[in-house]
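Source file: structure.cif; contents: mmCIF, C-alpha atoms and all ligand atoms.
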```
data_my_file
#
loop_
_atom_site.label_atom_id
_atom_site.label_comp_id
_atom_site.auth_asym_id
_atom_site.auth_seq_id
_atom_site.Cartn_x
_atom_site.Cartn_y
_atom_site.Cartn_z
CA MET A 243 -45.44 20.98 -25.90
CA ARG A 244 -47.62 22.05 -23.01
CA SER A 245 -50.19 19.31 -23.29
CA GLU A 246 -51.42 16.73 -25.73
CA ILE A 247 -54.59 14.82 -26.44
CA ILE A 248 -54.14 11.09 -26.92
CA VAL A 249 -56.88 9.21 -28.76
CA ASP A 250 -56.97 5.42 -28.47
CA LEU A 251 -58.33 4.13 -31.77
CA LYS A 252 -58.47 0.50 -30.58
CA LYS A 253 -61.03 1.63 -28.02
CA LEU A 254 -62.88 3.51 -30.73
CA GLU A 255 -63.10 0.28 -32.68
CA SER A 256 -64.41 -1.55 -29.64
CA ASN A 257 -67.07 1.16 -29.17
CA VAL A 258 -68.13 0.68 -32.79
CA GLU A 259 -68.48 -3.02 -32.06
CA ALA A 260 -70.61 -2.22 -29.01
CA VAL A 261 -72.93 -0.22 -31.26
CA ARG A 262 -73.09 -3.05 -33.81
CA ALA A 263 -73.95 -5.47 -31.03
CA SER A 264 -76.79 -3.24 -29.90
CA VAL A 265 -78.54 -2.80 -33.26
CA LYS A 266 -80.28 -5.12 -35.68
CA LYS A 267 -77.99 -7.15 -37.93
CA GLY A 268 -77.24 -5.32 -41.17
CA THR A 269 -78.00 -1.86 -39.76
CA LYS A 270 -75.73 0.78 -41.28
CA LEU A 271 -73.72 3.04 -39.01
CA MET A 272 -73.69 6.78 -39.67
CA ALA A 273 -70.93 7.91 -37.33
CA VAL A 274 -71.62 11.41 -36.01
CA ILE A 275 -68.35 13.32 -36.13
CA LYS A 276 -69.68 16.86 -35.92
CA ASP A 277 -67.68 19.55 -34.15
CA ASP A 278 -64.36 17.93 -34.88
CA ALA A 279 -65.66 14.54 -33.74
CA TYR A 280 -66.70 15.96 -30.36
CA GLY A 281 -63.16 17.30 -29.97
CA HIS A 282 -61.38 14.10 -31.07
CA GLY A 283 -60.34 15.25 -34.58
CA ALA A 284 -62.89 14.65 -37.37
CA VAL A 285 -60.62 13.80 -40.30
CA GLU A 286 -58.45 11.37 -38.32
CA ILE A 287 -61.47 9.67 -36.76
CA ALA A 288 -63.18 9.44 -40.16
CA LYS A 289 -60.11 7.95 -41.80
CA TYR A 290 -59.82 5.32 -39.10
CA LEU A 291 -63.53 4.50 -39.35
CA THR A 292 -63.76 4.59 -43.13
CA ASN A 293 -64.18 0.82 -43.53
CA LYS A 294 -65.80 0.28 -40.14
CA VAL A 295 -68.90 2.41 -40.66
CA GLU A 296 -70.92 3.30 -43.76
CA TRP A 297 -71.70 7.01 -43.38
CA PHE A 298 -70.51 10.10 -41.56
CA CYS A 299 -72.69 12.93 -40.23
CA VAL A 300 -71.49 16.47 -39.50
CA ALA A 301 -73.22 19.66 -38.41
CA THR A 302 -72.11 21.99 -41.17
CA LEU A 303 -71.30 22.12 -44.86
CA THR A 304 -67.84 23.46 -43.97
CA GLU A 305 -67.17 20.37 -41.85
CA GLY A 306 -68.27 18.17 -44.75
CA ILE A 307 -65.90 19.92 -47.13
CA GLU A 308 -63.06 19.47 -44.62
CA LEU A 309 -63.69 15.71 -44.67
CA ARG A 310 -63.57 15.65 -48.48
CA LYS A 311 -60.39 17.72 -48.53
CA GLY A 312 -58.95 15.30 -45.97
CA GLY A 313 -59.59 12.43 -48.38
CA VAL A 314 -62.72 10.92 -46.81
CA LYS A 315 -64.77 9.10 -49.46
CA ASN A 316 -67.76 7.75 -47.51
CA PRO A 317 -71.18 9.35 -47.94
CA VAL A 318 -71.57 12.35 -45.61
CA LEU A 319 -74.84 13.79 -44.30
CA ILE A 320 -74.88 17.48 -43.34
CA PHE A 321 -77.33 18.30 -40.54
CA GLU A 322 -77.65 22.08 -40.97
CA SER A 323 -80.13 23.61 -43.38
CA PRO A 324 -78.57 24.53 -46.71
CA ALA A 325 -77.85 28.17 -47.53
CA LYS A 326 -78.71 29.18 -51.07
CA GLU A 327 -75.41 30.95 -51.77
CA ARG A 328 -73.47 27.75 -51.06
CA ALA A 329 -75.92 25.29 -52.62
CA ASP A 330 -73.51 24.28 -55.40
CA GLN A 331 -70.98 22.99 -52.89
CA TYR A 332 -73.18 20.04 -51.94
CA VAL A 333 -72.89 18.84 -55.53
CA GLU A 334 -69.26 19.86 -55.97
CA TYR A 335 -68.15 17.91 -52.88
CA ASN A 336 -70.72 15.13 -53.17
CA LEU A 337 -72.31 15.83 -49.76
CA THR A 338 -75.84 14.90 -48.76
CA ALA A 339 -78.00 17.80 -47.59
CA SER A 340 -80.67 17.72 -44.89
CA LEU A 341 -83.95 19.12 -46.05
CA SER A 342 -85.59 20.33 -42.85
CA ASP A 343 -87.86 22.99 -44.26
CA MET A 344 -90.09 22.99 -47.33
CA SER A 345 -88.53 26.22 -48.56
CA SER A 346 -85.20 24.37 -48.90
CA PHE A 347 -86.47 22.84 -52.14
CA GLU A 348 -85.89 26.26 -53.68
CA GLU A 349 -82.45 26.58 -52.13
CA LEU A 350 -80.83 23.36 -53.27
CA ALA A 351 -78.99 23.15 -56.59
CA ASP A 352 -79.88 20.63 -59.28
CA GLY A 353 -78.06 17.37 -58.74
CA THR A 354 -78.15 17.57 -54.94
CA GLU A 355 -78.83 14.47 -52.89
CA TYR A 356 -80.82 15.05 -49.73
CA HIS A 357 -82.43 13.36 -46.75
CA LEU A 358 -85.75 14.59 -45.39
CA ASN A 359 -85.58 15.58 -41.73
CA PHE A 360 -88.89 15.53 -39.86
CA ASP A 361 -89.49 17.22 -36.54
CA THR A 362 -91.36 14.73 -34.38
CA GLY A 363 -90.76 16.50 -31.08
CA MET A 364 -87.24 17.91 -30.86
CA ARG A 365 -88.44 21.27 -32.27
CA ARG A 366 -85.03 22.32 -33.47
CA LEU A 367 -84.74 21.57 -37.18
CA GLY A 368 -87.17 19.50 -39.21
CA ILE A 369 -90.28 19.52 -41.35
CA THR A 370 -93.60 19.65 -39.50
CA PRO A 371 -95.31 16.24 -39.68
CA GLU A 372 -98.54 17.73 -41.05
CA ASN A 373 -96.63 18.74 -44.17
CA ALA A 374 -95.58 15.19 -45.07
CA GLY A 375 -98.06 14.91 -47.96
CA GLN A 376 -97.10 18.28 -49.38
CA VAL A 377 -93.41 17.42 -49.11
CA PHE A 378 -94.00 14.26 -51.07
CA GLU A 379 -95.58 16.33 -53.84
CA LEU A 380 -92.61 18.75 -53.84
CA MET A 381 -90.27 15.81 -53.91
CA LYS A 382 -91.89 14.45 -57.05
CA LYS A 383 -91.87 17.89 -58.66
CA ASN A 384 -88.19 18.54 -57.97
CA ARG A 385 -86.82 15.63 -59.97
CA LYS A 386 -83.41 17.19 -60.49
CA MET A 387 -82.59 16.64 -56.84
CA THR A 388 -82.58 13.18 -55.37
CA CYS A 389 -84.11 12.20 -52.07
CA THR A 390 -82.14 9.24 -50.69
CA GLY A 391 -83.14 9.19 -47.03
CA ILE A 392 -85.54 10.20 -44.29
CA TYR A 393 -84.92 10.78 -40.60
CA THR A 394 -85.93 12.32 -37.30
CA HIS A 395 -84.16 13.04 -34.00
CA PHE A 396 -85.15 12.16 -30.41
CA SER A 397 -85.27 14.80 -27.71
CA SER A 398 -85.04 12.55 -24.64
CA SER A 399 -83.66 9.12 -25.51
CA ASP A 400 -80.81 9.65 -23.02
CA GLU A 401 -83.38 8.71 -20.34
CA PRO A 402 -84.11 4.98 -20.44
CA GLN A 403 -87.84 5.25 -19.73
CA ASN A 404 -88.95 8.47 -21.38
CA GLU A 405 -92.36 8.09 -23.00
CA SER A 406 -91.62 10.80 -25.57
CA VAL A 407 -89.42 8.31 -27.42
CA GLU A 408 -92.34 6.05 -28.23
CA LYS A 409 -94.47 9.05 -29.20
CA GLN A 410 -91.84 10.37 -31.56
CA LEU A 411 -91.34 6.91 -33.02
CA HIS A 412 -95.06 6.51 -33.60
CA GLN A 413 -95.27 9.93 -35.24
CA PHE A 414 -92.28 9.08 -37.46
CA LYS A 415 -93.75 5.77 -38.58
CA LYS A 416 -96.91 7.57 -39.70
CA ILE A 417 -94.86 10.05 -41.73
CA ARG A 418 -92.69 7.28 -43.16
CA LYS A 419 -95.70 5.74 -44.93
CA PHE A 420 -95.98 8.70 -47.29
CA PHE A 421 -92.57 8.05 -48.80
CA PRO A 422 -91.01 5.37 -51.02
CA LYS A 423 -89.60 2.26 -49.38
CA HIS A 424 -86.07 2.61 -50.75
CA LEU A 425 -85.22 5.77 -48.74
CA LEU A 426 -82.54 5.19 -46.10
CA THR A 427 -84.41 5.49 -42.81
CA HIS A 428 -82.61 6.49 -39.61
CA VAL A 429 -83.70 7.80 -36.22
CA ALA A 430 -81.48 6.49 -33.41
CA ASN A 431 -78.80 8.47 -31.56
CA THR A 432 -76.71 7.02 -28.70
CA GLY A 433 -79.54 7.06 -26.17
CA ALA A 434 -81.93 5.26 -28.50
CA ILE A 435 -79.33 2.70 -29.62
CA PHE A 436 -78.61 1.55 -26.06
CA HIS A 437 -81.77 2.33 -24.10
CA TYR A 438 -84.49 1.58 -26.64
CA LYS A 439 -83.27 -1.60 -28.31
CA GLY A 440 -86.61 -3.24 -27.61
CA MET A 441 -88.48 -0.62 -29.62
CA ASP A 442 -87.02 -1.39 -33.01
CA VAL A 443 -85.18 1.87 -33.50
CA SER A 444 -82.57 0.46 -35.90
CA PHE A 445 -84.47 0.90 -39.20
CA ASP A 446 -81.87 0.99 -42.02
CA ALA A 447 -79.22 2.99 -40.17
CA VAL A 448 -78.40 4.59 -36.80
CA ARG A 449 -76.53 7.80 -35.94
CA PRO A 450 -74.22 7.08 -32.99
CA GLY A 451 -72.30 10.08 -31.64
CA ILE A 452 -71.09 10.28 -28.04
CA CYS A 453 -71.00 6.48 -27.60
CA LEU A 454 -68.23 6.22 -30.20
CA TYR A 455 -66.08 8.35 -27.94
CA GLY A 456 -66.88 6.07 -25.01
CA TYR A 457 -69.57 7.95 -23.11
CA MET A 458 -73.25 7.36 -22.67
CA ALA A 459 -75.93 9.95 -23.29
CA GLY A 460 -77.43 10.70 -19.86
CA ASP A 461 -76.56 9.15 -16.52
CA VAL A 462 -77.21 5.47 -17.09
CA MET A 463 -73.89 3.88 -18.04
CA VAL A 464 -73.21 1.11 -20.52
CA GLU A 465 -70.33 -1.18 -19.50
CA SER A 466 -69.11 -1.92 -23.01
CA LEU A 467 -68.27 1.72 -23.85
CA LYS A 468 -64.72 2.91 -23.22
CA PRO A 469 -63.62 6.56 -23.22
CA ILE A 470 -61.04 6.96 -25.97
CA LEU A 471 -59.49 10.30 -25.01
CA SER A 472 -56.65 11.04 -22.59
CA TRP A 473 -55.22 14.48 -21.84
CA LYS A 474 -51.59 14.56 -20.83
CA SER A 475 -49.36 17.40 -19.64
CA PHE A 476 -46.39 17.70 -17.27
CA VAL A 477 -45.23 19.42 -14.10
CA MET A 478 -43.66 22.69 -15.22
CA GLN A 479 -42.60 23.94 -11.80
CA THR A 480 -42.76 22.80 -8.18
CA ARG A 481 -42.37 24.67 -4.89
CA LEU A 482 -42.65 23.79 -1.24
CA ILE A 483 -45.58 25.40 0.49
CA LYS A 484 -46.27 26.04 4.17
CA LYS A 485 -49.52 25.47 5.98
CA GLY A 486 -51.70 28.61 5.62
CA GLU A 487 -50.18 29.83 2.33
CA SER A 488 -52.42 30.27 -0.71
CA VAL A 489 -52.23 29.14 -4.33
CA GLY A 490 -53.47 31.06 -7.37
CA TYR A 491 -55.75 33.98 -8.15
CA GLY A 492 -57.96 35.26 -5.36
CA GLN A 493 -56.06 33.19 -2.80
CA SER A 494 -59.09 30.93 -2.96
CA TRP A 495 -57.20 27.85 -1.72
CA ILE A 496 -55.09 27.72 1.44
CA ALA A 497 -52.70 24.85 2.21
CA PRO A 498 -54.06 22.75 5.11
CA GLU A 499 -50.57 21.40 5.84
CA ASP A 500 -46.99 21.87 4.68
CA GLY A 501 -46.51 20.22 1.31
CA VAL A 502 -45.61 20.65 -2.34
CA VAL A 503 -47.37 22.57 -5.09
CA GLY A 504 -46.95 21.89 -8.80
CA THR A 505 -47.83 24.09 -11.76
CA ILE A 506 -49.31 22.40 -14.84
CA PRO A 507 -49.38 24.36 -18.12
CA VAL A 508 -53.07 23.83 -18.98
CA GLY A 509 -55.84 26.36 -18.40
CA TYR A 510 -59.20 27.51 -19.65
CA GLY A 511 -57.48 28.82 -22.78
CA ASP A 512 -56.81 25.17 -23.59
CA GLY A 513 -60.40 24.17 -22.91
CA LEU A 514 -60.14 23.19 -19.26
CA MET A 515 -63.25 24.74 -17.75
CA ARG A 516 -62.55 27.23 -14.97
CA ILE A 517 -65.66 26.02 -13.16
CA LEU A 518 -63.71 22.83 -12.43
CA SER A 519 -61.33 24.77 -10.16
CA GLY A 520 -60.64 22.68 -7.06
CA LYS A 521 -62.95 19.93 -8.28
CA PHE A 522 -60.75 17.44 -10.06
CA ARG A 523 -57.70 15.28 -9.58
CA VAL A 524 -54.87 14.38 -11.92
CA LYS A 525 -52.77 11.23 -12.11
CA ILE A 526 -49.01 11.32 -11.67
CA ASN A 527 -46.94 8.13 -11.55
CA GLY A 528 -50.17 6.19 -11.11
CA LYS A 529 -51.29 8.21 -8.06
CA LEU A 530 -54.14 10.71 -7.81
CA VAL A 531 -53.20 14.28 -6.88
CA GLN A 532 -55.68 17.03 -6.04
CA GLN A 533 -56.00 20.14 -8.21
CA VAL A 534 -56.08 23.28 -6.05
CA GLY A 535 -56.74 26.98 -6.51
CA ARG A 536 -58.36 28.61 -9.49
CA VAL A 537 -57.71 27.33 -12.97
CA SER A 538 -56.21 30.29 -14.83
CA MET A 539 -55.94 30.90 -18.57
CA ASP A 540 -52.81 28.82 -19.12
CA TYR A 541 -52.07 27.06 -15.82
CA PHE A 542 -53.50 25.22 -12.87
CA GLY A 543 -52.03 24.11 -9.56
CA ILE A 544 -51.84 20.75 -7.80
CA TYR A 545 -50.93 19.99 -4.20
CA SER A 546 -49.76 17.12 -2.08
CA SER A 547 -48.85 17.04 1.59
CA ASP A 548 -46.22 14.46 0.64
CA ALA A 549 -43.38 16.54 -0.79
CA SER A 550 -42.03 13.53 -2.72
CA SER A 551 -45.29 13.00 -4.68
CA PHE A 552 -44.06 14.61 -7.88
CA VAL A 553 -41.09 16.45 -9.34
CA ARG A 554 -40.63 18.88 -12.17
CA GLY A 555 -41.03 17.15 -15.56
CA ASP A 556 -43.31 14.35 -14.35
CA ASP A 557 -46.11 13.30 -16.71
CA VAL A 558 -49.53 14.48 -15.57
CA TYR A 559 -52.77 12.94 -16.79
CA LEU A 560 -55.79 15.23 -16.54
CA LEU A 561 -57.92 12.59 -18.22
CA ASP A 562 -56.88 8.97 -18.70
CA GLY A 563 -60.07 7.49 -20.10
CA GLU A 564 -60.48 5.35 -16.99
CA GLU A 565 -61.04 6.75 -13.52
CA LEU A 566 -60.28 10.22 -14.85
CA ASN A 567 -62.88 10.79 -17.53
CA ALA A 568 -65.10 13.47 -19.04
CA LYS A 569 -68.24 12.17 -17.31
CA ILE A 570 -66.69 12.83 -13.89
CA TRP A 571 -65.73 16.35 -14.94
CA ALA A 572 -69.17 16.89 -16.42
CA ASP A 573 -70.86 15.95 -13.15
CA GLU A 574 -68.60 18.37 -11.26
CA ALA A 575 -69.13 21.15 -13.80
CA GLY A 576 -72.90 20.66 -14.06
CA THR A 577 -72.75 19.72 -17.73
CA ILE A 578 -72.49 16.66 -19.98
CA ALA A 579 -69.46 14.76 -21.29
CA TYR A 580 -70.25 16.09 -24.79
CA GLU A 581 -69.43 19.63 -23.69
CA ILE A 582 -66.22 18.63 -21.90
CA THR A 583 -64.58 16.97 -24.91
CA THR A 584 -65.96 19.44 -27.47
CA PHE A 585 -64.61 22.28 -25.34
CA ILE A 586 -60.99 21.08 -25.57
CA ASN A 587 -59.20 23.66 -27.68
CA LYS A 588 -58.03 22.53 -31.10
CA LYS A 589 -54.59 24.03 -30.40
CA ASN A 590 -53.78 20.99 -28.25
CA LYS A 591 -51.81 18.56 -30.41
CA LYS A 592 -53.41 15.16 -30.86
CA LYS A 593 -51.71 11.80 -30.96
CA TYR A 594 -53.51 8.72 -32.24
CA LEU A 595 -52.77 5.25 -30.88
CA PHE A 596 -53.50 2.54 -33.44
C1 LIG B 601 -75.61 15.02 -32.50
C2 LIG B 601 -76.63 14.25 -33.23
C3 LIG B 601 -76.65 12.84 -33.19
C4 LIG B 601 -75.73 12.04 -32.26
O1 LIG B 601 -76.18 12.18 -30.93
P1 LIG B 601 -75.46 11.40 -29.74
O2 LIG B 601 -76.32 11.65 -28.57
O3 LIG B 601 -74.11 12.00 -29.60
O4 LIG B 601 -75.40 9.97 -30.14
C5 LIG B 601 -77.54 12.17 -34.00
N1 LIG B 601 -78.40 12.84 -34.79
C6 LIG B 601 -78.43 14.19 -34.85
C7 LIG B 601 -79.41 14.85 -35.74
C8 LIG B 601 -77.57 14.93 -34.07
O5 LIG B 601 -77.61 16.27 -34.10
#
```

Encoding of this model in structure tokens:
Amino acid sequence: MRSEIIVDLKKLESNVEAVRASVKKGTKLMAVIKDDAYGHGAVEIAKYLTNKVEWFCVATLTEGIELRKGGVKNPVLIFESPAKERADQYVEYNLTASLSDMSSFEELADGTEYHLNFDTGMRRLGITPENAGQVFELMKKNRKMTCTGIYTHFSSSDEPQNESVEKQLHQFKKIRKFFPKHLLTHVANTGAIFHYKGMDVSFDAVRPGICLYGYMAGDVMVESLKPILSWKSFVMQTRLIKKGESVGYGQSWIAPEDGVVGTIPVGYGDGLMRILSGKFRVKINGKLVQQVGRVSMDYFGIYSSDASSFVRGDDVYLLDGEELNAKIWADEAGTIAYEITTFINKKNKKKYLF
């Protein structure tokens, strides 16, 4: 095995507790496990969380069906808009649709449960607020489908003081008045859960995503969250290198001193972004070692001026969930932790620590 992903489920549990501690008592958790649980393995994460959260949310109908086929029994909300030709599958697999467009009333099959999704400022998916009254009429007319919830999504809650959050919340509360009290109401993602506690964003349920995996949305950290993913490989080959010699494609890195170079069998084909070339360190025997040269499709190089730093076969941690984590990579790569973990190729075997 060239490399493996190790997911620490105890830390996942502690992240769930951090969410519970940040929301109103009795708030339901709708764990967002879209895109294979941000690269952590959706079915395994769902099975572990089955009694620890109430709902799951995924991006697509296909992901929802995968959860059902994997034995997940909790209610599941699908974010994408339903496609008419697959409408029956929501009923068949007992999945809750998102109704984000008035025309979706015609697309859903009889017997479907759905949540209304209103666009209060994200401008991605969602019903326009002005149509709230009309939607209520359509809802009453389409009695063969059941509305069980109502929600919206924040565009900028990852920033602790963004005034758009209050505006969206205000807009949502106005819309909410049109609809029956019993609908499950949910608005908060990670940013809102941790940065906007004071604004009463809990409602009936919250939709935590990235925080479950131990990262914060945006740059303001939350101490109680712990990254749950480690990425482990090994030293496949070593060679001594002389000052002035290069490593890898394009000879982009030149050894500053005599030392040792190691080859690690992980590359961009495994989901290690090439843009990170030369910008990260790995951990071997508890010590940090610099990555050097360009990351290639299946390999990258490391270097130490101390020739005894590592030997062939040594364990190599690319990520260890502590000082080596996806947020550090994200900052180097000019992206967000979400993209780093989601980018890890599914071909990497995963191991779960209970
Ligand atoms: C992805 C997503 C979430 C979770 O967002 P995080 O920032 O990861 O917490 C919640 N709601 C919707 C609609 C989403 O698309």

All residues 12 Å or closer to Leu560 in chain A, all atoms listed in the file, same chain fewer than 2 positions away omitted, as a PDB file with C-alpha atoms, keeping the file's coordinate frame:
```pdb
ATOM      1  CA  SER A 245     -50.190  19.310 -23.290  1.00  0.00           C
ATOM      2  CA  GLU A 246     -51.420  16.730 -25.730  1.00  0.00           C
ATOM      3  CA  ILE A 247     -54.590  14.820 -26.440  1.00  0.00           C
ATOM      4  CA  ILE A 248     -54.140  11.090 -26.920  1.00  0.00           C
ATOM      5  CA  LEU A 471     -59.490  10.300 -25.010  1.00  0.00           C
ATOM      6  CA  SER A 472     -56.650  11.040 -22.590  1.00  0.00           C
ATOM      7  CA  TRP A 473     -55.220  14.480 -21.840  1.00  0.00           C
ATOM      8  CA  LYS A 474     -51.590  14.560 -20.830  1.00  0.00           C
ATOM      9  CA  SER A 475     -49.360  17.400 -19.640  1.00  0.00           C
ATOM     10  CA  PHE A 476     -46.390  17.700 -17.270  1.00  0.00           C
ATOM     11  CA  VAL A 477     -45.230  19.420 -14.100  1.00  0.00           C
ATOM     12  CA  ILE A 506     -49.310  22.400 -14.840  1.00  0.00           C
ATOM     13  CA  PRO A 507     -49.380  24.360 -18.120  1.00  0.00           C
ATOM     14  CA  VAL A 508     -53.070  23.830 -18.980  1.00  0.00           C
ATOM     15  CA  GLY A 509     -55.840  26.360 -18.400  1.00  0.00           C
ATOM     16  CA  GLY A 513     -60.400  24.170 -22.910  1.00  0.00           C
ATOM     17  CA  LEU A 514     -60.140  23.190 -19.260  1.00  0.00           C
ATOM     18  CA  LEU A 518     -63.710  22.830 -12.430  1.00  0.00           C
ATOM     19  CA  LYS A 521     -62.950  19.930  -8.280  1.00  0.00           C
ATOM     20  CA  PHE A 522     -60.750  17.440 -10.060  1.00  0.00           C
ATOM     21  CA  ARG A 523     -57.700  15.280  -9.580  1.00  0.00           C
ATOM     22  CA  VAL A 524     -54.870  14.380 -11.920  1.00  0.00           C
ATOM     23  CA  LYS A 525     -52.770  11.230 -12.110  1.00  0.00           C
ATOM     24  CA  ILE A 526     -49.010  11.320 -11.670  1.00  0.00           C
ATOM     25  CA  GLY A 528     -50.170   6.190 -11.110  1.00  0.00           C
ATOM     26  CA  LYS A 529     -51.290   8.210  -8.060  1.00  0.00           C
ATOM     27  CA  LEU A 530     -54.140  10.710  -7.810  1.00  0.00           C
ATOM     28  CA  VAL A 531     -53.200  14.280  -6.880  1.00  0.00           C
ATOM     29  CA  GLN A 532     -55.680  17.030  -6.040  1.00  0.00           C
ATOM     30  CA  GLN A 533     -56.000  20.140  -8.210  1.00  0.00           C
ATOM     31  CA  PHE A 542     -53.500  25.220 -12.870  1.00  0.00           C
ATOM     32  CA  GLY A 543     -52.030  24.110  -9.560  1.00  0.00           C
ATOM     33  CA  ILE A 544     -51.840  20.750  -7.800  1.00  0.00           C
ATOM     34  CA  ASP A 557     -46.110  13.300 -16.710  1.00  0.00           C
ATOM     35  CA  VAL A 558     -49.530  14.480 -15.570  1.00  0.00           C
ATOM     36  CA  ASP A 562     -56.880   8.970 -18.700  1.00  0.00           C
ATOM     37  CA  GLY A 563     -60.070   7.490 -20.100  1.00  0.00           C
ATOM     38  CA  GLU A 564     -60.480   5.350 -16.990  1.00  0.00           C
ATOM     39  CA  GLU A 565     -61.040   6.750 -13.520  1.00  0.00           C
ATOM     40  CA  LEU A 566     -60.280  10.220 -14.850  1.00  0.00           C
ATOM     41  CA  ASN A 567     -62.880  10.790 -17.530  1.00  0.00           C
ATOM     42  CA  ALA A 568     -65.100  13.470 -19.040  1.00  0.00           C
ATOM     43  CA  ILE A 570     -66.690  12.830 -13.890  1.00  0.00           C
ATOM     44  CA  TRP A 571     -65.730  16.350 -14.940  1.00  0.00           C
ATOM     45  CA  ILE A 586     -60.990  21.080 -25.570  1.00  0.00           C
TER      46      ILE A 586
END
```

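Pocket residues of ligand LIG 601 (chain B), taken as those with any atom at most 7 Å away using only C-alpha atoms and all ligand atoms, are Val274, Phe321, His395, Ala430, Asn431, Thr432, Gly433, Arg449, Pro450, Gly451, Ile452, Cys453 and Ala459 of chain A.
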
**Request:** Mind checking which residues fall within 12 Å of Arg481 in chain A, counting all atoms listed in the file, ignoring those fewer than 5 positions away in the same chain, and posting them as an MDAnalysis selection string?
**Result:** chainID A and resid 487 489 500:505 543:547 549:550 552:554

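Atom pair CA of Ser323 in chain A / CA of Val429 in chain A has a distance of 17.7 Å (rounded to one decimal).
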
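Using all atoms listed in the file, the residues found no farther than 12 Å from Arg385 in chain A, other than those of its own chain fewer than 4 positions away, are Phe347, Leu350, Ala351, Asp352, Gly353, Thr354, Glu355, Tyr356, Phe378, Glu379, Leu380, Met381 and Cys389 of chain A.
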
Residue subset to file, keeping C-alpha atoms, as an mmCIF file, keeping the file's coordinate frame:
```
data_model
loop_
_atom_site.group_PDB
_atom_site.id
_atom_site.type_symbol
_atom_site.label_atom_id
_atom_site.label_comp_id
_atom_site.auth_asym_id
_atom_site.auth_seq_id
_atom_site.Cartn_x
_atom_site.Cartn_y
_atom_site.Cartn_z
ATOM 1 C CA PHE A 347 -86.470 22.840 -52.140
ATOM 2 C CA LEU A 350 -80.830 23.360 -53.270
ATOM 3 C CA ALA A 351 -78.990 23.150 -56.590
ATOM 4 C CA ASP A 352 -79.880 20.630 -59.280
ATOM 5 C CA GLY A 353 -78.060 17.370 -58.740
ATOM 6 C CA THR A 354 -78.150 17.570 -54.940
ATOM 7 C CA GLU A 355 -78.830 14.470 -52.890
ATOM 8 C CA TYR A 356 -80.820 15.050 -49.730
ATOM 9 C CA PHE A 378 -94.000 14.260 -51.070
ATOM 10 C CA GLU A 379 -95.580 16.330 -53.840
ATOM 11 C CA LEU A 380 -92.610 18.750 -53.840
ATOM 12 C CA MET A 381 -90.270 15.810 -53.910
ATOM 13 C CA CYS A 389 -84.110 12.200 -52.070
#
```

query = Near Lys468 in chain A, counting only C-alpha atoms, which residues have an atom at most 8 Å away, once you skip same-chain residues fewer than 3 positions from it, shown as a PyMOL selection string?
reply = chain A and resi 253-254+256-257+455-457+465+563-564

Include C-alpha atoms and write out the residues we just selected as a short mmCIF file (atom, residue, chain, number, x, y, z; two decimals), keeping the file's coordinate frame.
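Listing of result.cif after writing:
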```cif
data_model
loop_
_atom_site.label_atom_id
_atom_site.label_comp_id
_atom_site.auth_asym_id
_atom_site.auth_seq_id
_atom_site.Cartn_x
_atom_site.Cartn_y
_atom_site.Cartn_z
CA LYS A 253 -61.03 1.63 -28.02
CA LEU A 254 -62.88 3.51 -30.73
CA SER A 256 -64.41 -1.55 -29.64
CA ASN A 257 -67.07 1.16 -29.17
CA TYR A 455 -66.08 8.35 -27.94
CA GLY A 456 -66.88 6.07 -25.01
CA TYR A 457 -69.57 7.95 -23.11
CA GLU A 465 -70.33 -1.18 -19.50
CA GLY A 563 -60.07 7.49 -20.10
CA GLU A 564 -60.48 5.35 -16.99
#
```

Practice task
Please determine the residues with any atom at most 7 Å from (-64.1, 8.8, -38.8) (coordinates as given in the file, with only C-alpha atoms counting) and report them as a PyMOL selection string.
Solution key: chain A and resi 275+284-292

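Each of A:Asp400, A:Glu348, A:Glu305, A:Asp442 was compared to Val265 in chain A using all atoms listed in the file, and A:Asp442 turns out to be the nearest.
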
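Minimum atom-to-atom distances from A:Ile470, A:Leu309, A:Ala579, A:Met272 to Lys294 in chain A were compared using all atoms listed in the file, and the lowest value belongs to A:Met272.
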